[in-house]
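Below is one structure, written out as structure tokens; comments come after it.
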2 protein chains.
Amino acid sequence: MKLLGGAVAAVDHGGSLGRARALFPHAPLPFVDLSTGINPHSYPLFELPATTFWRLPEGARNHELKAIAASTYGAPSAAHVAAAPGTQILLPRVASLVKPGKALVLGPTYAEHARASAIAGHAVAEVSDIDALAEADLAILVNPNNPDGRVIERSRLLDLAARLRAKGGLLVVDEAFMDVGPVGQSLAGYAGEGGIVVLRSFGKFFGLAGIRLGFALADPLTVERLETQLGPWAVAGPALEYGIRALSDTAWQADMRRRLAADTERLDALFNRFGAPVASGTSLFRYLSLADAKSLFSALGEHGVLVRHFAERPRVLRVGLPGTETEWERLENALVAWTSRREDASKETAR
Amino acid sequence: MKLLGGAVAAVDHGGSLGRARALFPHAPLPFVDLSTGINPHSYPLFELPATTFWRLPEGARNHELKAIAASTYGAPSAAHVAAAPGTQILLPRVASLVKPGKALVLGPTYAEHARASAIAGHAVAEVSDIDALAEADLAILVNPNNPDGRVIERSRLLDLAARLRAKGGLLVVDEAFMDVGPVGQSLAGYAGEGGIVVLRSFGKFFGLAGIRLGFALADPLTVERLETQLGPWAVAGPALEYGIRALSDTAWQADMRRRLAADTERLDALFNRFGAPVASGTSLFRYLSLADAKSLFSALGEHGVLVRHFAERPRVLRVGLPGTETEWERLENALVAWTSRREDASKETAR
């Protein structure tokens, strides 16, 4: 168990071009940003009615969004869904559902969970074994996990939830990448049982991270507690409209799942070809574990291809999917450059 | 002092067309919605870059917004500004800056303040005298006030803030309508002194309530505490872009202030003509106090003109500004209908 001290401090994230420019000031622009797990093929943009910008978001429209989200994610009903301006802003509120106690996060994972738990006043520790989570007042895991794509089976999660519920604890399952994950392991359908909060992110799979939309699925009383904290009009007009249209569009979703799966195969083959085998991941990001991860990160970055590295784990990388053929080419060229640099270095050593 | 029990329950608001349709099912559509204080002449809509929707909001862009907000509102610096997806979602977070104690709200005013204080665990009461606020751990007032436009002078506020600060208390001044209010009474420039949080709303004056953008101005440490709660990416991409452009456009702001002042005069003259004198207000809403407020509310509503009434204060109304000439005409016609109904009723009584 790793105790996380000072966890309230801001954590590093992918997706910042400002940070990329500071790291790689001589890289050719624009950056190919593979540092996030956001789908590069966004749901098609459409013209929003002007009233979406002008008027306060309508309560009835928010309810419609919740009903569609329940149906698409497989939650029992709209009353089991809280809609928020992004999952991120929900984290401290969800962590505050349990009075300050012991929060355990199944790690390594998305760092904001530990931070949110600390903000909510919990003593936070990271554990590497799911069974250890049963000791928590607040147990948090990401399924499939970010950054390595590890999947925990639903039966184990339900067992854990039951044990936590029995003593007034809470299980939080962040399903931010479950849109492409093994849906059979989702807890969305069990959100009504109490002691479970499932988080779903809209922006990643639909490629619309800028509009800020996320959901908590839980029993109706817990949903009400969260909504009380968010107040009326929490979800912006544009997010309501995109959420309603995209979450209803199950045909687009099915096509996109196939497309992302194919892109993932292509990406794995590419990295394999350059001797950087992909270990795991989801169809929205791949996880690489290799000795010279640091040199790969730098070589790609210098060629304007940004991937995600982790300060505390220098031997792993997370790589998102390129969007356009130009981006695929630039990634390939950067890998070529990395390979020749490696070859030069090994010749140098051999001499 | 009025103790506010059960204040956590949801409160009624203006601006819901769903509610309007339920109240006035036979009204001609579309409704002329004068039930809010939102400017009907919005900042001009412009085409947003697609990346605004696709990518996570960029930290540097958020900082730019904060710097412009500081300059426009008159706060000392960007470090004195927290940007949020609407002021509303900030209220419980601001109320939680003080540990649970006694919250006093200068009333009658915007009901969400009492609710947010109760959510944060405070014992909440409404007081009608500003001097009584000095007894609070958390003192809240709206300046200029909603719904009656009452203005408290800056010198009195600074005096109150000093008294609260001396005992570790906090003064929250909601300046949601200060864009058109007497700027000389704003506390924005004093946000760095500690013990003061000033709230500013973007959506009302700029007529863009749907994008969800609001600010808290405070000392940098308090700003950091609020931002920790909000997490990264709290403000959506579209809100960042509109915020930066509109808050920078001081020429538009000056023109709009003049236009709204003129519209306000016109609205007052119209109500006066029909024997419903305007008592007070701001250039974004007017406040009417009259014995037959209830009949006026109903007559306007039946003609599809929606104004704001208050369940607990049946003799007052708040009326926003019509936007188009058609809306002005429909308001005038509805007032004509109300007048003839009153005349018929008084003839009936005389008979």
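FYI, nothing fancy with the structure tokens labels: chains A, B, ... in order, residues from 1 per chain, ligands from 1 as they appear.
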With a distance cut-off of 6 Å and only C-alpha atoms, select the neighbouring residues of range 226-236 of chain A, excluding the residue or stretch itself and same-chain residues fewer than 6 positions from it, and output the selection as number ranges by chain. A: 57, 84-85; B: 89, 210-212
Just to be explicit: take each residue in the selection above, keep N, CA and C atoms, and write the result as a tab-separated table (two decimals), in the first residue's frame.
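Dumped everything to out05.tsv:
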```
chain	number	residue	atom	x	y	z
A	57	PRO	N	-30.03	26.78	-19.69
A	57	PRO	CA	-30.37	25.41	-20.10
A	57	PRO	C	-31.70	24.99	-19.48
A	84	ALA	N	-23.30	16.29	-15.40
A	84	ALA	CA	-22.41	17.33	-14.87
A	84	ALA	C	-21.56	17.91	-15.99
A	85	PRO	N	-21.00	19.09	-15.75
A	85	PRO	CA	-20.09	19.68	-16.74
A	85	PRO	C	-18.71	18.99	-16.69
B	89	ILE	N	-22.76	26.92	-9.73
B	89	ILE	CA	-22.03	25.75	-9.24
B	89	ILE	C	-20.96	26.16	-8.21
B	210	GLY	N	-26.58	30.32	-21.62
B	210	GLY	CA	-26.48	28.90	-21.94
B	210	GLY	C	-25.07	28.35	-21.92
B	211	ILE	N	-24.06	29.23	-22.06
B	211	ILE	CA	-22.70	28.69	-22.13
B	211	ILE	C	-22.12	28.39	-20.76
B	212	ARG	N	-22.72	28.90	-19.69
B	212	ARG	CA	-22.31	28.65	-18.31
B	212	ARG	C	-20.89	29.17	-18.04
```
Please identify every residue of chain B that has at least one atom no farther than 9 Å from an atom of chain A, counting only C-alpha atoms, and for each give the shortest atom pair and the distance in Å to one decimal, arranged by chain then increasing number, as JSON lines.
```
{"residue": "B:Val8", "atom": "CA", "partner": "A:Thr228", "partner_atom": "CA", "distance": 7.6}
{"residue": "B:Ala9", "atom": "CA", "partner": "A:Thr228", "partner_atom": "CA", "distance": 8.2}
{"residue": "B:Ala10", "atom": "CA", "partner": "A:Thr228", "partner_atom": "CA", "distance": 7.7}
{"residue": "B:Gly15", "atom": "CA", "partner": "A:Leu56", "partner_atom": "CA", "distance": 6.6}
{"residue": "B:Ser16", "atom": "CA", "partner": "A:Glu58", "partner_atom": "CA", "distance": 6.0}
{"residue": "B:Leu17", "atom": "CA", "partner": "A:Glu58", "partner_atom": "CA", "distance": 7.4}
{"residue": "B:Gly18", "atom": "CA", "partner": "A:Ala60", "partner_atom": "CA", "distance": 6.7}
{"residue": "B:Ile38", "atom": "CA", "partner": "A:Arg55", "partner_atom": "CA", "distance": 8.0}
{"residue": "B:Asn39", "atom": "CA", "partner": "A:Trp54", "partner_atom": "CA", "distance": 8.8}
{"residue": "B:Pro40", "atom": "CA", "partner": "A:Trp54", "partner_atom": "CA", "distance": 8.0}
{"residue": "B:Ser42", "atom": "CA", "partner": "A:Trp54", "partner_atom": "CA", "distance": 6.7}
{"residue": "B:Leu45", "atom": "CA", "partner": "A:Ala50", "partner_atom": "CA", "distance": 7.8}
{"residue": "B:Ala50", "atom": "CA", "partner": "A:Leu45", "partner_atom": "CA", "distance": 7.8}
{"residue": "B:Thr51", "atom": "CA", "partner": "A:Gly210", "partner_atom": "CA", "distance": 7.6}
{"residue": "B:Thr52", "atom": "CA", "partner": "A:Gly210", "partner_atom": "CA", "distance": 5.6}
{"residue": "B:Phe53", "atom": "CA", "partner": "A:Gly210", "partner_atom": "CA", "distance": 4.3}
{"residue": "B:Trp54", "atom": "CA", "partner": "A:Leu208", "partner_atom": "CA", "distance": 4.3}
{"residue": "B:Arg55", "atom": "CA", "partner": "A:Gly210", "partner_atom": "CA", "distance": 5.1}
{"residue": "B:Leu56", "atom": "CA", "partner": "A:Gly210", "partner_atom": "CA", "distance": 4.8}
{"residue": "B:Pro57", "atom": "CA", "partner": "A:Gly210", "partner_atom": "CA", "distance": 5.5}
{"residue": "B:Glu58", "atom": "CA", "partner": "A:Ser16", "partner_atom": "CA", "distance": 6.0}
{"residue": "B:Gly59", "atom": "CA", "partner": "A:Ser16", "partner_atom": "CA", "distance": 7.2}
{"residue": "B:Ala60", "atom": "CA", "partner": "A:Gly18", "partner_atom": "CA", "distance": 6.7}
{"residue": "B:Pro85", "atom": "CA", "partner": "A:Pro85", "partner_atom": "CA", "distance": 7.3}
{"residue": "B:Gly86", "atom": "CA", "partner": "A:Ala234", "partner_atom": "CA", "distance": 7.5}
{"residue": "B:Gln88", "atom": "CA", "partner": "A:Gly231", "partner_atom": "CA", "distance": 6.4}
{"residue": "B:Ile89", "atom": "CA", "partner": "A:Leu230", "partner_atom": "CA", "distance": 5.3}
{"residue": "B:Leu90", "atom": "CA", "partner": "A:Leu230", "partner_atom": "CA", "distance": 8.6}
{"residue": "B:Leu91", "atom": "CA", "partner": "A:Gly231", "partner_atom": "CA", "distance": 8.8}
{"residue": "B:Pro92", "atom": "CA", "partner": "A:Gln229", "partner_atom": "CA", "distance": 6.6}
{"residue": "B:Arg93", "atom": "CA", "partner": "A:Gln229", "partner_atom": "CA", "distance": 8.7}
{"residue": "B:Glu112", "atom": "CA", "partner": "A:Gly231", "partner_atom": "CA", "distance": 8.6}
{"residue": "B:Ala116", "atom": "CA", "partner": "A:Gln229", "partner_atom": "CA", "distance": 8.0}
{"residue": "B:Ile119", "atom": "CA", "partner": "A:Gln229", "partner_atom": "CA", "distance": 7.3}
{"residue": "B:Gly203", "atom": "CA", "partner": "A:Trp54", "partner_atom": "CA", "distance": 8.0}
{"residue": "B:Phe206", "atom": "CA", "partner": "A:Trp54", "partner_atom": "CA", "distance": 8.8}
{"residue": "B:Gly207", "atom": "CA", "partner": "A:Trp54", "partner_atom": "CA", "distance": 5.6}
{"residue": "B:Leu208", "atom": "CA", "partner": "A:Trp54", "partner_atom": "CA", "distance": 4.3}
{"residue": "B:Ala209", "atom": "CA", "partner": "A:Leu56", "partner_atom": "CA", "distance": 5.0}
{"residue": "B:Gly210", "atom": "CA", "partner": "A:Phe53", "partner_atom": "CA", "distance": 4.3}
{"residue": "B:Ile211", "atom": "CA", "partner": "A:Ala236", "partner_atom": "CA", "distance": 5.2}
{"residue": "B:Arg212", "atom": "CA", "partner": "A:Ala236", "partner_atom": "CA", "distance": 5.5}
{"residue": "B:Thr228", "atom": "CA", "partner": "A:Val8", "partner_atom": "CA", "distance": 7.6}
{"residue": "B:Gln229", "atom": "CA", "partner": "A:Pro92", "partner_atom": "CA", "distance": 6.7}
{"residue": "B:Leu230", "atom": "CA", "partner": "A:Ile89", "partner_atom": "CA", "distance": 5.3}
{"residue": "B:Gly231", "atom": "CA", "partner": "A:Ile89", "partner_atom": "CA", "distance": 6.0}
{"residue": "B:Pro232", "atom": "CA", "partner": "A:Gln88", "partner_atom": "CA", "distance": 7.5}
{"residue": "B:Trp233", "atom": "CA", "partner": "A:Arg212", "partner_atom": "CA", "distance": 7.8}
{"residue": "B:Ala234", "atom": "CA", "partner": "A:Ile89", "partner_atom": "CA", "distance": 6.7}
{"residue": "B:Val235", "atom": "CA", "partner": "A:Arg212", "partner_atom": "CA", "distance": 7.7}
{"residue": "B:Ala236", "atom": "CA", "partner": "A:Ile211", "partner_atom": "CA", "distance": 5.2}
{"residue": "B:Gly237", "atom": "CA", "partner": "A:Gly210", "partner_atom": "CA", "distance": 4.8}
{"residue": "B:Pro238", "atom": "CA", "partner": "A:Ile211", "partner_atom": "CA", "distance": 7.0}
{"residue": "B:Ala239", "atom": "CA", "partner": "A:Ile211", "partner_atom": "CA", "distance": 8.8}
```
For the structure I just gave you, how does DSSP split range 132-323 of chain A - specifically, which residues are alpha helix (DSSP H)? Reply as a VMD selection string. chain A and resid 154 to 166 220 to 230 237 to 248 250 to 273 293 to 302
What's the 10 Å shell around Glu302 in chain A, counting only C-alpha atoms, without same-chain residues fewer than 4 positions away, as a VMD selection string? chain A and resid 20 23 to 28 31 296 to 298 306 334 337 to 338
For range 161-177 of chain B, please output as a tab-separated table (two decimals) with N, CA, C and O atoms, in the first residue's frame all residues within 8 Å (counting only C-alpha atoms; exclusion window: fewer than 6 positions along the same chain).
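And here's out37.tsv as it stands now:
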```
chain	number	residue	atom	x	y	z
B	98	VAL	N	-15.96	28.54	4.61
B	98	VAL	CA	-16.05	28.77	6.05
B	98	VAL	C	-16.59	27.50	6.69
B	98	VAL	O	-17.52	26.90	6.17
B	134	ALA	N	-23.07	41.40	10.48
B	134	ALA	CA	-21.79	41.33	11.20
B	134	ALA	C	-21.76	40.19	12.20
B	134	ALA	O	-20.69	39.76	12.63
B	136	ALA	N	-22.52	37.21	11.54
B	136	ALA	CA	-22.41	35.94	10.82
B	136	ALA	C	-20.99	35.41	10.77
B	136	ALA	O	-20.02	36.15	10.93
B	137	ASP	N	-20.88	34.10	10.52
B	137	ASP	CA	-19.60	33.53	10.09
B	137	ASP	C	-19.48	33.68	8.58
B	137	ASP	O	-18.42	33.93	8.04
B	138	LEU	N	-20.63	33.54	7.93
B	138	LEU	CA	-20.71	33.71	6.48
B	138	LEU	C	-21.84	34.69	6.21
B	138	LEU	O	-23.00	34.41	6.54
B	139	ALA	N	-21.50	35.85	5.66
B	139	ALA	CA	-22.51	36.87	5.35
B	139	ALA	C	-22.63	37.00	3.84
B	139	ALA	O	-21.61	37.08	3.15
B	140	ILE	N	-23.85	36.98	3.35
B	140	ILE	CA	-24.06	37.00	1.90
B	140	ILE	C	-25.05	38.09	1.52
B	140	ILE	O	-26.12	38.22	2.14
B	141	LEU	N	-24.70	38.86	0.52
B	141	LEU	CA	-25.66	39.81	-0.03
B	141	LEU	C	-25.44	39.93	-1.53
B	141	LEU	O	-24.38	39.60	-2.06
B	142	VAL	N	-26.48	40.39	-2.19
B	142	VAL	CA	-26.44	40.57	-3.64
B	142	VAL	C	-26.48	42.07	-3.89
B	142	VAL	O	-27.32	42.77	-3.35
B	143	ASN	N	-25.53	42.56	-4.72
B	143	ASN	CA	-25.38	44.01	-4.89
B	143	ASN	C	-25.04	44.34	-6.35
B	143	ASN	O	-23.96	43.97	-6.81
B	144	PRO	N	-25.90	45.02	-7.08
B	144	PRO	CA	-27.26	45.39	-6.70
B	144	PRO	C	-28.12	44.16	-6.50
B	144	PRO	O	-27.88	43.14	-7.12
B	145	ASN	N	-29.13	44.33	-5.64
B	145	ASN	CA	-29.90	43.16	-5.23
B	145	ASN	C	-30.89	42.69	-6.30
B	145	ASN	O	-31.42	43.47	-7.07
B	186	SER	N	-18.75	48.49	-6.50
B	186	SER	CA	-18.24	47.12	-6.62
B	186	SER	C	-17.08	46.87	-5.65
B	186	SER	O	-16.25	47.74	-5.41
B	187	LEU	N	-17.01	45.66	-5.13
B	187	LEU	CA	-15.89	45.27	-4.27
B	187	LEU	C	-14.79	44.54	-5.04
B	187	LEU	O	-13.82	44.06	-4.43
B	194	GLY	N	-8.74	39.75	1.46
B	194	GLY	CA	-9.04	38.59	2.32
B	194	GLY	C	-10.39	38.75	2.97
B	194	GLY	O	-10.85	39.86	3.24
B	195	GLY	N	-11.05	37.62	3.20
B	195	GLY	CA	-12.37	37.66	3.84
B	195	GLY	C	-13.47	38.17	2.93
B	195	GLY	O	-14.58	38.46	3.39
B	196	ILE	N	-13.17	38.31	1.65
B	196	ILE	CA	-14.16	38.81	0.68
B	196	ILE	C	-14.17	37.88	-0.53
B	196	ILE	O	-13.11	37.55	-1.07
B	197	VAL	N	-15.35	37.46	-0.94
B	197	VAL	CA	-15.50	36.79	-2.24
B	197	VAL	C	-16.55	37.56	-3.02
B	197	VAL	O	-17.67	37.78	-2.53
B	198	VAL	N	-16.18	38.00	-4.21
B	198	VAL	CA	-17.11	38.69	-5.10
B	198	VAL	C	-17.48	37.74	-6.23
B	198	VAL	O	-16.60	37.15	-6.85
B	199	LEU	N	-18.76	37.57	-6.46
B	199	LEU	CA	-19.20	36.71	-7.56
B	199	LEU	C	-19.63	37.55	-8.75
B	199	LEU	O	-20.35	38.55	-8.58
B	200	ARG	N	-19.17	37.17	-9.93
B	200	ARG	CA	-19.59	37.86	-11.14
B	200	ARG	C	-20.14	36.84	-12.12
B	200	ARG	O	-19.58	35.75	-12.29
B	201	SER	N	-21.21	37.21	-12.77
B	201	SER	CA	-21.88	36.32	-13.72
B	201	SER	C	-21.64	36.82	-15.13
B	201	SER	O	-21.81	38.00	-15.42
B	202	PHE	N	-21.23	35.92	-16.02
B	202	PHE	CA	-20.99	36.32	-17.40
B	202	PHE	C	-22.28	36.31	-18.23
B	202	PHE	O	-22.52	37.20	-19.04
B	204	LYS	N	-25.48	36.89	-17.81
B	204	LYS	CA	-26.61	37.81	-17.74
B	204	LYS	C	-26.38	39.03	-18.61
B	204	LYS	O	-27.16	39.31	-19.52
B	205	PHE	N	-25.32	39.78	-18.36
B	205	PHE	CA	-25.09	41.01	-19.12
B	205	PHE	C	-24.78	40.71	-20.58
B	205	PHE	O	-25.21	41.43	-21.48
B	282	THR	N	-32.67	47.24	-11.86
B	282	THR	CA	-31.42	47.55	-12.55
B	282	THR	C	-31.76	47.66	-14.04
B	282	THR	O	-32.91	47.49	-14.42
B	284	LEU	N	-31.19	45.54	-16.12
B	284	LEU	CA	-31.44	44.21	-16.68
B	284	LEU	C	-32.78	43.64	-16.22
B	284	LEU	O	-33.26	42.65	-16.76
```
Contacts of Leu29 in chain B within 10 Å, only C-alpha atoms, excl. fewer than 5 positions in-chain, as a PyMOL selection string: chain B and resi 21+303-305
Taking into account only C-alpha atoms, which residue in the set B:Leu97, B:Ala216, B:Ala79, B:Val32 is nearest to Glu325 in chain B? B:Val32
So what do you get for CA of Asp344 in chain B versus CA of Arg273 in chain B, distance-wise?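 Atom-to-atom, CA of Asp344 in chain B and CA of Arg273 in chain B are spaced 18.3 Å apart.
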Please return as a VMD selection string: the residues of range 292-345 of chain A that backbone DSSP assigns to strand (DSSP E). chain A and resid 305 to 309 316 to 320
Between B:Glu64, B:Glu332, B:Asp255, B:Glu327, which has the minimum distance to Val180 in chain B (counting only C-alpha atoms)?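 Checking each candidate against Val180 in chain B, we get B:Asp255 as the closest.
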Find the residues near Glu193 in chain A: any atom within 9 Å, counting only C-alpha atoms, skip ones fewer than 3 places away on the same chain, and give them as JSON, numbers by chain. {"A": [190, 196, 218, 219]}
